[in-house]
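The next block is upload_37.txt, given as compact mmCIF, C-alpha atoms.
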# COMPACT_ATOMS: atom_id res chain seq x y z
CA MET A 18 -20.20 -26.85 1.11
CA ALA A 19 -20.70 -24.23 -1.56
CA ASP A 20 -18.85 -20.96 -1.23
CA GLU A 21 -20.96 -17.93 -0.52
CA VAL A 22 -19.41 -14.87 -2.14
CA ILE A 23 -21.01 -11.44 -1.91
CA LEU A 24 -19.61 -8.20 -3.29
CA LEU A 25 -20.71 -4.82 -1.93
CA ASP A 26 -19.83 -2.38 -4.67
CA SER A 27 -20.78 0.69 -6.65
CA TRP A 28 -21.02 0.29 -10.42
CA ALA A 29 -18.78 3.21 -11.40
CA SER A 30 -16.05 2.56 -8.84
CA MET A 31 -12.73 1.70 -10.41
CA PHE A 32 -11.81 0.00 -7.12
CA GLY A 33 -14.91 -2.17 -7.06
CA MET A 34 -14.32 -3.03 -10.72
CA ARG A 35 -10.93 -4.50 -9.80
CA VAL A 36 -12.68 -7.07 -7.63
CA ARG A 37 -15.24 -7.83 -10.37
CA VAL A 38 -12.42 -8.39 -12.84
CA ALA A 39 -10.56 -10.73 -10.47
CA LEU A 40 -13.70 -12.76 -9.70
CA ALA A 41 -14.50 -12.99 -13.42
CA GLU A 42 -10.95 -14.10 -14.25
CA LYS A 43 -11.28 -16.89 -11.71
CA GLY A 44 -14.81 -17.85 -12.79
CA VAL A 45 -16.19 -17.36 -9.28
CA ASN A 46 -19.95 -17.10 -8.85
CA TYR A 47 -20.96 -14.28 -6.60
CA GLU A 48 -23.84 -12.08 -5.59
CA TYR A 49 -23.39 -8.43 -6.53
CA LYS A 50 -25.04 -5.88 -4.23
CA GLU A 51 -25.06 -2.33 -5.56
CA GLN A 52 -24.50 0.22 -2.79
CA ASP A 53 -25.86 3.74 -2.62
CA LEU A 54 -22.91 5.63 -1.21
CA LYS A 55 -25.07 8.58 -0.23
CA ASN A 56 -27.32 6.32 1.80
CA LYS A 57 -25.18 3.49 3.12
CA SER A 58 -26.88 0.19 3.78
CA PRO A 59 -26.89 -1.48 7.21
CA LEU A 60 -24.98 -4.39 5.66
CA LEU A 61 -22.16 -2.14 4.46
CA LEU A 62 -21.95 -0.34 7.82
CA GLN A 63 -21.94 -3.64 9.65
CA MET A 64 -19.32 -5.26 7.43
CA ASN A 65 -17.00 -2.26 7.11
CA PRO A 66 -17.60 -0.10 10.19
CA ILE A 67 -14.09 1.36 10.08
CA HIS A 68 -13.98 2.91 6.64
CA LYS A 69 -17.62 2.47 5.53
CA LYS A 70 -16.33 2.12 1.97
CA ILE A 71 -16.76 -0.17 -0.96
CA PRO A 72 -15.67 -2.59 -2.25
CA VAL A 73 -16.24 -5.18 0.46
CA LEU A 74 -15.96 -8.86 -0.39
CA ILE A 75 -17.85 -11.13 1.97
CA HIS A 76 -16.66 -14.72 1.69
CA ASN A 77 -18.66 -17.21 3.75
CA GLY A 78 -19.65 -14.38 6.09
CA LYS A 79 -16.13 -12.97 6.51
CA PRO A 80 -15.49 -9.48 5.15
CA ILE A 81 -12.36 -8.31 3.36
CA PHE A 82 -11.67 -4.67 2.41
CA GLU A 83 -9.36 -2.57 0.25
CA SER A 84 -9.53 -3.52 -3.42
CA LEU A 85 -5.92 -4.63 -3.91
CA ILE A 86 -6.02 -6.66 -0.70
CA ILE A 87 -9.26 -8.28 -1.89
CA VAL A 88 -7.72 -9.09 -5.28
CA GLN A 89 -4.73 -10.76 -3.62
CA TYR A 90 -7.11 -12.69 -1.37
CA ILE A 91 -9.10 -13.88 -4.41
CA ASP A 92 -5.88 -14.92 -6.13
CA GLU A 93 -4.75 -16.92 -3.09
CA VAL A 94 -8.09 -18.63 -2.40
CA TRP A 95 -8.94 -19.51 -6.02
CA HIS A 96 -5.38 -20.26 -6.92
CA ASP A 97 -6.08 -23.03 -9.41
CA LYS A 98 -7.26 -20.80 -12.20
CA ALA A 99 -5.80 -17.78 -13.99
CA PRO A 100 -3.04 -16.85 -11.51
CA LEU A 101 -2.62 -13.09 -11.25
CA PHE A 102 0.96 -13.33 -9.99
CA PRO A 103 4.02 -15.06 -11.44
CA SER A 104 5.71 -17.62 -9.21
CA ASP A 105 9.10 -15.89 -9.01
CA PRO A 106 9.39 -13.82 -5.78
CA TYR A 107 11.23 -10.94 -7.49
CA GLN A 108 8.58 -10.61 -10.20
CA ARG A 109 5.87 -10.83 -7.56
CA ALA A 110 7.55 -7.96 -5.70
CA GLN A 111 7.66 -5.90 -8.90
CA ALA A 112 3.94 -6.55 -9.45
CA ARG A 113 3.14 -5.39 -5.91
CA PHE A 114 5.35 -2.33 -6.36
CA TRP A 115 3.60 -1.23 -9.55
CA ALA A 116 0.09 -1.89 -8.23
CA ASP A 117 1.05 0.26 -5.23
CA TYR A 118 2.26 2.94 -7.67
CA VAL A 119 -1.12 2.88 -9.42
CA ASP A 120 -2.86 3.31 -6.08
CA LYS A 121 -0.60 5.96 -4.63
CA LYS A 122 0.67 7.95 -7.59
CA PHE A 123 -1.68 7.36 -10.49
CA ASN A 124 -4.96 7.45 -8.56
CA VAL A 125 -4.01 10.70 -6.85
CA SER A 126 -2.85 12.26 -10.14
CA THR A 127 -6.27 11.75 -11.76
CA ARG A 128 -8.15 13.92 -9.26
CA LYS A 129 -6.87 17.32 -10.24
CA VAL A 130 -7.46 16.63 -13.91
CA TRP A 131 -11.21 16.65 -13.54
CA THR A 132 -11.94 18.38 -10.24
CA THR A 133 -9.92 21.57 -10.60
CA LYS A 134 -9.55 24.50 -13.00
CA GLY A 135 -6.99 27.00 -14.18
CA GLU A 136 -3.39 26.77 -13.06
CA GLU A 137 -4.08 23.99 -10.58
CA GLN A 138 -5.63 21.90 -13.33
CA GLU A 139 -2.76 22.57 -15.73
CA ALA A 140 -0.27 21.41 -13.13
CA GLY A 141 -2.49 18.39 -12.41
CA LYS A 142 -2.70 17.49 -16.09
CA LYS A 143 1.07 17.69 -16.44
CA GLU A 144 1.56 15.31 -13.52
CA PHE A 145 -1.13 12.96 -14.80
CA ILE A 146 0.58 12.65 -18.18
CA GLU A 147 3.99 12.17 -16.56
CA VAL A 148 2.67 9.35 -14.40
CA LEU A 149 0.93 7.74 -17.39
CA LYS A 150 4.21 7.83 -19.27
CA VAL A 151 6.02 6.14 -16.40
CA LEU A 152 3.40 3.39 -16.51
CA GLU A 153 3.66 3.15 -20.29
CA GLY A 154 7.42 2.81 -19.88
CA GLU A 155 6.94 -0.01 -17.43
CA LEU A 156 4.59 -1.80 -19.85
CA GLY A 157 7.20 -1.49 -22.59
CA ASP A 158 6.64 -3.94 -25.41
CA LYS A 159 4.94 -6.55 -23.27
CA PRO A 160 1.34 -7.43 -24.14
CA TYR A 161 0.38 -7.00 -20.47
CA PHE A 162 2.03 -5.56 -17.37
CA GLY A 163 2.06 -9.16 -16.17
CA GLY A 164 4.10 -10.18 -19.22
CA GLN A 165 2.49 -12.71 -21.55
CA SER A 166 -0.55 -13.00 -19.33
CA PHE A 167 -2.93 -10.58 -17.66
CA GLY A 168 -1.85 -10.01 -14.07
CA PHE A 169 -2.14 -8.06 -10.84
CA VAL A 170 -0.87 -4.74 -12.18
CA ASP A 171 -3.18 -5.04 -15.19
CA VAL A 172 -6.14 -5.54 -12.83
CA SER A 173 -5.09 -2.54 -10.73
CA LEU A 174 -4.90 -0.15 -13.67
CA ILE A 175 -7.37 -1.31 -16.34
CA THR A 176 -10.41 -0.27 -14.32
CA PHE A 177 -9.39 3.38 -14.55
CA SER A 178 -10.01 3.12 -18.30
CA SER A 179 -13.72 3.44 -17.54
CA TRP A 180 -12.89 6.94 -16.34
CA PHE A 181 -10.65 7.96 -19.26
CA ARG A 182 -13.48 9.82 -21.00
CA VAL A 183 -14.00 11.81 -17.79
CA TYR A 184 -10.32 12.78 -17.61
CA GLU A 185 -10.17 13.59 -21.32
CA THR A 186 -13.36 15.61 -21.41
CA PHE A 187 -12.76 17.69 -18.29
CA GLY A 188 -9.01 17.88 -18.78
CA ASN A 189 -9.23 18.58 -22.48
CA LEU A 190 -6.59 16.05 -23.37
CA SER A 191 -6.18 12.91 -25.41
CA ILE A 192 -4.68 9.93 -23.59
CA GLU A 193 -4.19 8.09 -26.88
CA LYS A 194 -2.15 10.98 -28.26
CA GLU A 195 0.07 11.07 -25.17
CA CYS A 196 0.34 7.33 -24.54
CA PRO A 197 -0.65 5.29 -27.59
CA LYS A 198 0.87 2.06 -26.24
CA LEU A 199 -1.23 2.33 -23.12
CA ILE A 200 -4.42 2.73 -25.14
CA ALA A 201 -3.39 -0.28 -27.26
CA TRP A 202 -3.03 -2.20 -23.99
CA VAL A 203 -6.52 -1.07 -22.89
CA LYS A 204 -7.99 -2.34 -26.16
CA ARG A 205 -6.14 -5.62 -25.81
CA CYS A 206 -7.45 -6.10 -22.26
CA LYS A 207 -11.01 -5.32 -23.31
CA GLU A 208 -10.91 -8.26 -25.71
CA LYS A 209 -10.98 -10.49 -22.66
CA GLU A 210 -14.46 -11.55 -21.70
CA SER A 211 -13.76 -11.12 -17.99
CA LEU A 212 -13.10 -7.46 -18.64
CA SER A 213 -15.81 -6.67 -21.11
CA LYS A 214 -18.36 -7.85 -18.57
CA SER A 215 -16.75 -6.18 -15.53
CA LEU A 216 -15.81 -2.71 -16.71
CA ALA A 217 -18.33 0.12 -16.48
CA ASP A 218 -19.21 1.82 -19.73
CA GLU A 219 -17.08 4.96 -20.22
CA ASN A 220 -19.97 7.00 -21.53
CA LYS A 221 -22.21 6.08 -18.62
CA VAL A 222 -19.46 7.09 -16.19
CA LEU A 223 -19.09 10.45 -17.93
CA GLU A 224 -22.87 10.89 -17.77
CA LEU A 225 -22.82 10.11 -14.05
CA VAL A 226 -20.06 12.62 -13.35
CA ARG A 227 -21.84 15.30 -15.35
CA LYS A 228 -25.06 14.58 -13.46
CA ASN A 229 -23.30 14.76 -10.08
CA LEU A 230 -21.69 18.05 -11.00
CA GLY A 231 -25.06 19.42 -12.02
CA MET A 232 -24.31 19.62 -15.71
CA GLU A 233 -26.80 17.65 -17.81
CA MET B 17 37.73 -15.58 -7.15
CA GLU B 18 34.89 -18.08 -7.45
CA LYS B 19 33.96 -17.75 -3.80
CA LYS B 20 33.89 -13.95 -4.03
CA GLU B 21 31.65 -14.10 -7.08
CA GLU B 22 29.36 -16.52 -5.29
CA ASN B 23 29.15 -14.16 -2.32
CA GLN B 24 28.39 -11.24 -4.58
CA ARG B 25 25.68 -13.21 -6.34
CA GLU B 26 23.88 -13.78 -3.03
CA GLU B 27 24.63 -10.28 -1.88
CA VAL B 28 21.87 -8.44 -0.10
CA LEU B 29 22.11 -4.67 0.27
CA VAL B 30 19.83 -2.46 2.30
CA PHE B 31 19.74 1.27 1.64
CA GLY B 32 18.42 3.22 4.59
CA THR B 33 18.98 6.10 6.97
CA TRP B 34 19.84 5.90 10.65
CA ALA B 35 16.74 7.75 11.82
CA ASN B 36 14.37 6.00 9.47
CA SER B 37 12.19 3.47 11.22
CA ILE B 38 10.90 2.34 7.85
CA SER B 39 14.27 1.13 6.62
CA GLY B 40 14.61 -0.44 10.07
CA ARG B 41 11.75 -2.76 9.14
CA VAL B 42 13.78 -4.33 6.40
CA GLU B 43 16.81 -4.91 8.63
CA ILE B 44 14.69 -6.46 11.37
CA ALA B 45 13.05 -8.86 8.90
CA LEU B 46 16.43 -9.93 7.48
CA LYS B 47 17.92 -10.44 10.93
CA LEU B 48 14.87 -12.42 12.01
CA LYS B 49 15.33 -14.75 9.06
CA GLY B 50 19.06 -14.95 9.61
CA ILE B 51 19.94 -13.42 6.24
CA PRO B 52 23.27 -11.62 6.07
CA TYR B 53 23.22 -8.22 4.41
CA GLU B 54 25.25 -5.08 3.92
CA TYR B 55 23.75 -1.81 5.09
CA VAL B 56 24.29 1.39 3.12
CA GLU B 57 23.59 4.66 4.94
CA GLU B 58 22.06 7.31 2.68
CA ASP B 59 22.14 11.07 3.09
CA LEU B 60 18.67 12.06 1.91
CA SER B 61 19.74 15.65 1.35
CA ASN B 62 22.36 14.35 -1.07
CA LYS B 63 21.09 11.10 -2.55
CA SER B 64 23.66 8.74 -3.96
CA GLU B 65 23.72 7.86 -7.63
CA LEU B 66 23.26 4.26 -6.61
CA LEU B 67 20.02 4.99 -4.76
CA LEU B 68 18.67 7.00 -7.68
CA ARG B 69 19.53 4.17 -10.01
CA TYR B 70 17.93 1.53 -7.78
CA ASN B 71 14.79 3.53 -7.01
CA PRO B 72 14.27 5.93 -9.89
CA VAL B 73 10.50 6.04 -9.39
CA HIS B 74 10.31 7.22 -5.77
CA LYS B 75 13.97 8.06 -4.98
CA LYS B 76 13.43 6.96 -1.39
CA VAL B 77 14.69 4.56 1.21
CA PRO B 78 14.43 1.75 2.04
CA VAL B 79 15.59 -0.18 -0.99
CA LEU B 80 16.59 -3.82 -0.87
CA VAL B 81 18.96 -5.00 -3.56
CA HIS B 82 19.29 -8.74 -3.98
CA LYS B 83 21.73 -10.14 -6.53
CA GLY B 84 21.83 -6.71 -8.12
CA LYS B 85 18.05 -6.43 -8.46
CA PRO B 86 16.31 -3.66 -6.50
CA ILE B 87 12.99 -3.67 -4.66
CA ALA B 88 11.42 -0.56 -3.13
CA GLU B 89 8.51 0.13 -0.74
CA SER B 90 8.90 -1.44 2.69
CA LEU B 91 5.74 -3.56 2.70
CA VAL B 92 6.63 -4.94 -0.74
CA ILE B 93 10.14 -5.68 0.51
CA LEU B 94 8.86 -7.47 3.62
CA GLU B 95 6.65 -9.76 1.49
CA TYR B 96 9.58 -10.43 -0.83
CA ILE B 97 11.79 -11.39 2.11
CA ASP B 98 9.12 -13.79 3.37
CA GLU B 99 8.63 -15.39 -0.07
CA ASN B 100 12.22 -15.52 -1.21
CA TRP B 101 13.49 -16.92 2.07
CA PRO B 102 10.54 -19.06 3.14
CA ASN B 103 12.45 -20.51 6.07
CA SER B 104 11.05 -20.15 9.53
CA PRO B 105 10.15 -17.84 11.15
CA LYS B 106 7.40 -16.83 8.73
CA LEU B 107 6.52 -13.14 8.69
CA LEU B 108 3.00 -13.53 7.28
CA PRO B 109 0.39 -16.13 8.26
CA GLN B 110 -0.42 -18.91 5.79
CA ASP B 111 -4.19 -18.53 5.77
CA PRO B 112 -5.43 -16.12 3.04
CA TYR B 113 -8.01 -14.47 5.30
CA GLN B 114 -5.45 -13.87 8.05
CA ARG B 115 -3.04 -12.50 5.45
CA ALA B 116 -5.71 -10.09 4.20
CA LYS B 117 -6.22 -8.86 7.78
CA VAL B 118 -2.49 -8.36 8.34
CA ARG B 119 -2.15 -6.51 5.04
CA PHE B 120 -5.14 -4.33 5.91
CA TRP B 121 -3.76 -3.22 9.28
CA ALA B 122 -0.24 -2.74 7.93
CA ASN B 123 -1.71 -0.53 5.23
CA TYR B 124 -3.85 1.32 7.80
CA TYR B 125 -0.81 1.97 9.98
CA ASP B 126 1.17 3.39 7.06
CA GLN B 127 -1.70 5.42 5.58
CA LYS B 128 -3.15 6.81 8.82
CA ILE B 129 -0.96 6.38 11.90
CA ILE B 130 2.42 7.45 10.52
CA PRO B 131 1.13 10.54 8.63
CA GLY B 132 -0.70 11.48 11.84
CA ILE B 133 2.61 11.56 13.71
CA TYR B 134 4.02 13.88 11.05
CA THR B 135 0.99 16.16 11.35
CA ILE B 136 1.55 16.42 15.09
CA GLY B 137 5.23 17.27 14.63
CA GLN B 138 4.48 19.90 12.02
CA SER B 139 1.82 21.74 14.00
CA GLN B 140 1.80 23.89 17.10
CA GLY B 141 -0.35 25.01 19.98
CA LYS B 142 -4.05 24.35 19.64
CA GLU B 143 -3.62 22.78 16.20
CA ARG B 144 -1.17 20.31 17.67
CA ASP B 145 -3.58 19.44 20.50
CA GLU B 146 -6.28 18.73 17.96
CA ALA B 147 -3.90 16.65 15.87
CA ILE B 148 -2.94 14.61 18.94
CA GLU B 149 -6.61 14.03 19.76
CA GLU B 150 -7.37 12.93 16.19
CA TRP B 151 -4.38 10.65 16.20
CA SER B 152 -5.44 8.92 19.40
CA GLU B 153 -8.81 8.22 17.72
CA LEU B 154 -7.05 6.61 14.74
CA VAL B 155 -5.03 4.50 17.16
CA ARG B 156 -8.19 3.49 19.00
CA VAL B 157 -9.55 2.14 15.71
CA LEU B 158 -6.29 0.21 15.29
CA GLU B 159 -6.46 -1.17 18.84
CA GLU B 160 -10.08 -2.32 18.50
CA GLY B 161 -9.59 -3.62 15.00
CA ILE B 162 -6.55 -5.72 15.80
CA GLU B 163 -8.20 -7.12 18.94
CA LYS B 164 -11.27 -8.07 16.91
CA ASP B 165 -9.39 -9.53 13.95
CA PHE B 166 -6.85 -11.50 15.97
CA PRO B 167 -8.77 -12.56 19.07
CA GLY B 168 -6.92 -14.17 21.92
CA LYS B 169 -3.43 -13.36 20.75
CA LEU B 170 -1.09 -10.42 20.45
CA ALA B 171 -0.92 -10.00 16.69
CA LEU B 172 2.40 -8.18 16.87
CA PHE B 173 4.17 -11.37 17.84
CA GLU B 174 4.08 -14.92 16.58
CA GLY B 175 5.18 -17.06 19.50
CA ASP B 176 8.59 -15.76 20.57
CA ASN B 177 9.18 -13.94 17.32
CA ILE B 178 7.98 -10.59 16.08
CA SER B 179 5.36 -10.82 13.33
CA PHE B 180 4.84 -8.84 10.10
CA LEU B 181 2.44 -6.52 11.91
CA GLY B 182 4.85 -6.13 14.81
CA ILE B 183 7.63 -5.09 12.43
CA VAL B 184 5.32 -2.57 10.74
CA VAL B 185 3.90 -1.08 13.95
CA SER B 186 7.35 -0.73 15.52
CA SER B 187 8.18 2.03 12.99
CA TYR B 188 7.96 5.49 14.54
CA ALA B 189 5.87 4.29 17.49
CA CYS B 190 8.87 2.69 19.17
CA CYS B 191 10.74 5.99 19.01
CA TYR B 192 8.09 7.78 21.05
CA PRO B 193 10.48 8.72 23.92
CA ALA B 194 12.59 10.76 21.50
CA PHE B 195 9.51 12.38 19.95
CA HIS B 196 8.18 13.23 23.41
CA GLU B 197 11.45 14.78 24.50
CA ALA B 198 11.49 16.86 21.32
CA GLY B 199 8.04 18.15 22.30
CA SER B 200 5.82 15.93 20.15
CA VAL B 201 4.00 14.10 22.89
CA PHE B 202 1.87 11.96 20.64
CA LEU B 203 1.48 8.77 22.64
CA SER B 204 -0.69 8.81 25.73
CA TRP B 205 -1.02 5.94 28.16
CA GLU B 206 -4.43 7.24 29.22
CA LYS B 207 -5.85 7.60 25.73
CA ASN B 208 -4.34 4.48 24.18
CA PRO B 209 -3.38 2.06 26.95
CA LEU B 210 -3.40 -0.96 24.68
CA PHE B 211 -1.21 0.60 22.02
CA TRP B 212 1.08 1.88 24.78
CA SER B 213 1.54 -1.65 26.11
CA TRP B 214 2.12 -3.05 22.59
CA VAL B 215 4.72 -0.42 21.78
CA ASN B 216 6.59 -1.05 25.00
CA ALA B 217 6.51 -4.80 24.42
CA LEU B 218 8.03 -4.11 20.98
CA ARG B 219 10.66 -1.82 22.49
CA ASP B 220 11.75 -4.68 24.75
CA TYR B 221 12.10 -7.12 21.89
CA PRO B 222 15.85 -7.61 21.31
CA LEU B 223 15.91 -7.08 17.51
CA ILE B 224 13.95 -3.85 17.88
CA LYS B 225 15.90 -2.67 20.90
CA GLU B 226 19.22 -2.95 19.12
CA LYS B 227 17.89 -1.27 15.96
CA LEU B 228 16.40 1.82 17.63
CA PRO B 229 17.97 5.07 16.46
CA PRO B 230 20.27 6.58 19.14
CA HIS B 231 17.97 8.56 21.45
CA HIS B 232 19.81 11.87 21.81
CA ARG B 233 20.76 12.05 18.17
CA LEU B 234 17.11 11.47 17.23
CA VAL B 235 15.89 14.14 19.68
CA GLU B 236 18.23 16.70 18.14
CA SER B 237 17.20 15.70 14.64
CA LEU B 238 13.49 15.95 15.52
CA LYS B 239 13.92 19.34 17.16
CA ALA B 240 15.68 20.61 14.04
CA TYR B 241 12.92 19.19 11.83
CA GLN B 242 10.13 20.70 13.93
CA SER B 243 11.77 24.13 14.02
CA ARG B 244 11.17 24.36 10.28
CA PHE B 245 7.46 24.58 11.00
CA SER B 246 7.45 27.20 13.76
Could I get this file's structure written as structure tokens?
Amino acid sequence: MADEVILLDSWASMFGMRVRVALAEKGVNYEYKEQDLKNKSPLLLQMNPIHKKIPVLIHNGKPIFESLIIVQYIDEVWHDKAPLFPSDPYQRAQARFWADYVDKKFNVSTRKVWTTKGEEQEAGKKEFIEVLKVLEGELGDKPYFGGQSFGFVDVSLITFSSWFRVYETFGNLSIEKECPKLIAWVKRCKEKESLSKSLADENKVLELVRKNLGME
Amino acid sequence: MEKKEENQREEVLVFGTWANSISGRVEIALKLKGIPYEYVEEDLSNKSELLLRYNPVHKKVPVLVHKGKPIAESLVILEYIDENWPNSPKLLPQDPYQRAKVRFWANYYDQKIIPGIYTIGQSQGKERDEAIEEWSELVRVLEEGIEKDFPGKLALFEGDNISFLGIVVSSYACCYPAFHEAGSVFLSWEKNPLFWSWVNALRDYPLIKEKLPPHHRLVESLKAYQSRFS
């Protein structure tokens, strides 16, 4: 019986992109259904009545939510190809820890950079850079956060690169200047086909944000 | 000398605080699996150098240190315990879809239910009433969701043993008598009868019962904490 895999997503969402990346890494065929978040579809409301959010992965009729939970699910179901986790329990724990850091610390730190002004924004920018530097420190000299191969933490963070132009433009900062190793890592990741076809174009994301904020 | 070194190599340390139900999770999981460990009580107002070295990123408890290597964040630690010591009883189910459901509700509990309890404790009067009402709604979502996702069984237990979700949900909720006595009456039998029954089933479970923070000490500590917000 063939697997039926459907992804409810929104093209600019860095969370949805994580799922696209994972599915691409594993070579899984799926049906992508773009969602209008201002006018939520009956399917989305039926599948995720609790949070009404994307991404939602529907595998053979069963829905899974929360991007990092979905990515782990994908890794466990399609375990034969491109494992996203190492086999050692301690290293697996470190991967979960850092993906959680991206979700809790990094994600939150991005908001103030582009949604606030003045003193609040300056404080937000400072925190954003600090958090980026912690992540850069964790990457160290490894090609990927996962070590020699692209892994769970890489998936969790790389999708934010589609929003870097937004942070840099609104925050008036240069991520490459602050964290050159991190930008080198972004470029390295983008050489992978699974990423080049899953990540939203930075310029289109910036255009979308400008449009939503009423600045054309 | 050799035997001591061998013991140290296997050594498991848990950094926690007596009132912290989150560090309690780690101890319950280790006891369930029959893994010996040494507990280190931390004073969060005066964090030890060791804690800061083992958890430089968040500087929080709990931290598990195994063979000198630290792991932080309770849900990450619980998964590590289950993977590193795969002996029975298992904390997480084997099926990927079931695991995704468990992870979802554990995450929901930590992101919504626990912060809601803090909000109640930090507010007063009408604000507190509203916070309590909102919280009972969040719990209703949890009750319905868990019933729907794990039909026909109590997801907080796996046979005679507590499950991953049971360990997670026992944090804070099982201390409700102390919270209530300190004035934070967050749990209502009328509003959340299912959750009420789950929490009391957890409170009766031996490993939880023996790990509960001492009632009177917790009441005093909560009263002191709440007075900061009045």
Next on the checklist: I'd like the neighbourhood of Glu160 in chain B as a VMD selection string, where a residue qualifies if any of its atoms comes within 12 Å (using all atoms listed in the file), though same-chain residues fewer than 6 positions away should be ignored.
Outcome noted: (chain A and resid 66 to 67) or (chain B and resid 121 153 to 154 166 to 167 208 to 211)
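Picture a line from CA of Arg205 in chain A to CA of Phe102 in chain A; it runs 19.0 Å.
Among A:Lys98, A:Lys207, A:Lys228, A:Arg109, the residue with the shortest atom-to-atom distance to Gly44 in chain A, counting all atoms listed in the file, is A:Lys98.
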Item to check | Gap from CA of Trp212 in chain B to CA of Ser152 in chain B - Å, one decimal | outcome: 11.0 Å
Checklist entry - Contacts of range 74-80 of chain A at 6 Å or less, counting only C-alpha atoms, minus same-chain residues fewer than 5 places along, as a ChimeraX atom specification? => result /A:21-24
Would you mind listing, as a PDB file with C-alpha atoms, in the coordinates of the input, all residues of chain A that have at least one atom within 7 Å of chain B, where only C-alpha atoms are what counts?
ATOM      1  CA  ILE A  81     -12.360  -8.310   3.360  1.00  0.00           C
ATOM      2  CA  ILE A  86      -6.020  -6.660  -0.700  1.00  0.00           C
ATOM      3  CA  TYR A  90      -7.110 -12.690  -1.370  1.00  0.00           C
ATOM      4  CA  GLU A  93      -4.750 -16.920  -3.090  1.00  0.00           C
ATOM      5  CA  VAL A  94      -8.090 -18.630  -2.400  1.00  0.00           C
ATOM      6  CA  PRO A 106       9.390 -13.820  -5.780  1.00  0.00           C
ATOM      7  CA  TYR A 107      11.230 -10.940  -7.490  1.00  0.00           C
ATOM      8  CA  ALA A 110       7.550  -7.960  -5.700  1.00  0.00           C
ATOM      9  CA  ARG A 113       3.140  -5.390  -5.910  1.00  0.00           C
ATOM     10  CA  PHE A 114       5.350  -2.330  -6.360  1.00  0.00           C
TER      11      PHE A 114
END
Next on the checklist: Calculated over all atoms listed in the file, which of the candidates A:Tyr118, A:Val88, A:Asn65, A:Phe187 has the smallest distance to Leu230 in chain A?
Outcome noted: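 Closest candidate: A:Phe187.
CA of Val125 in chain A is positioned 20.3 Å from CA of Phe162 in chain A.
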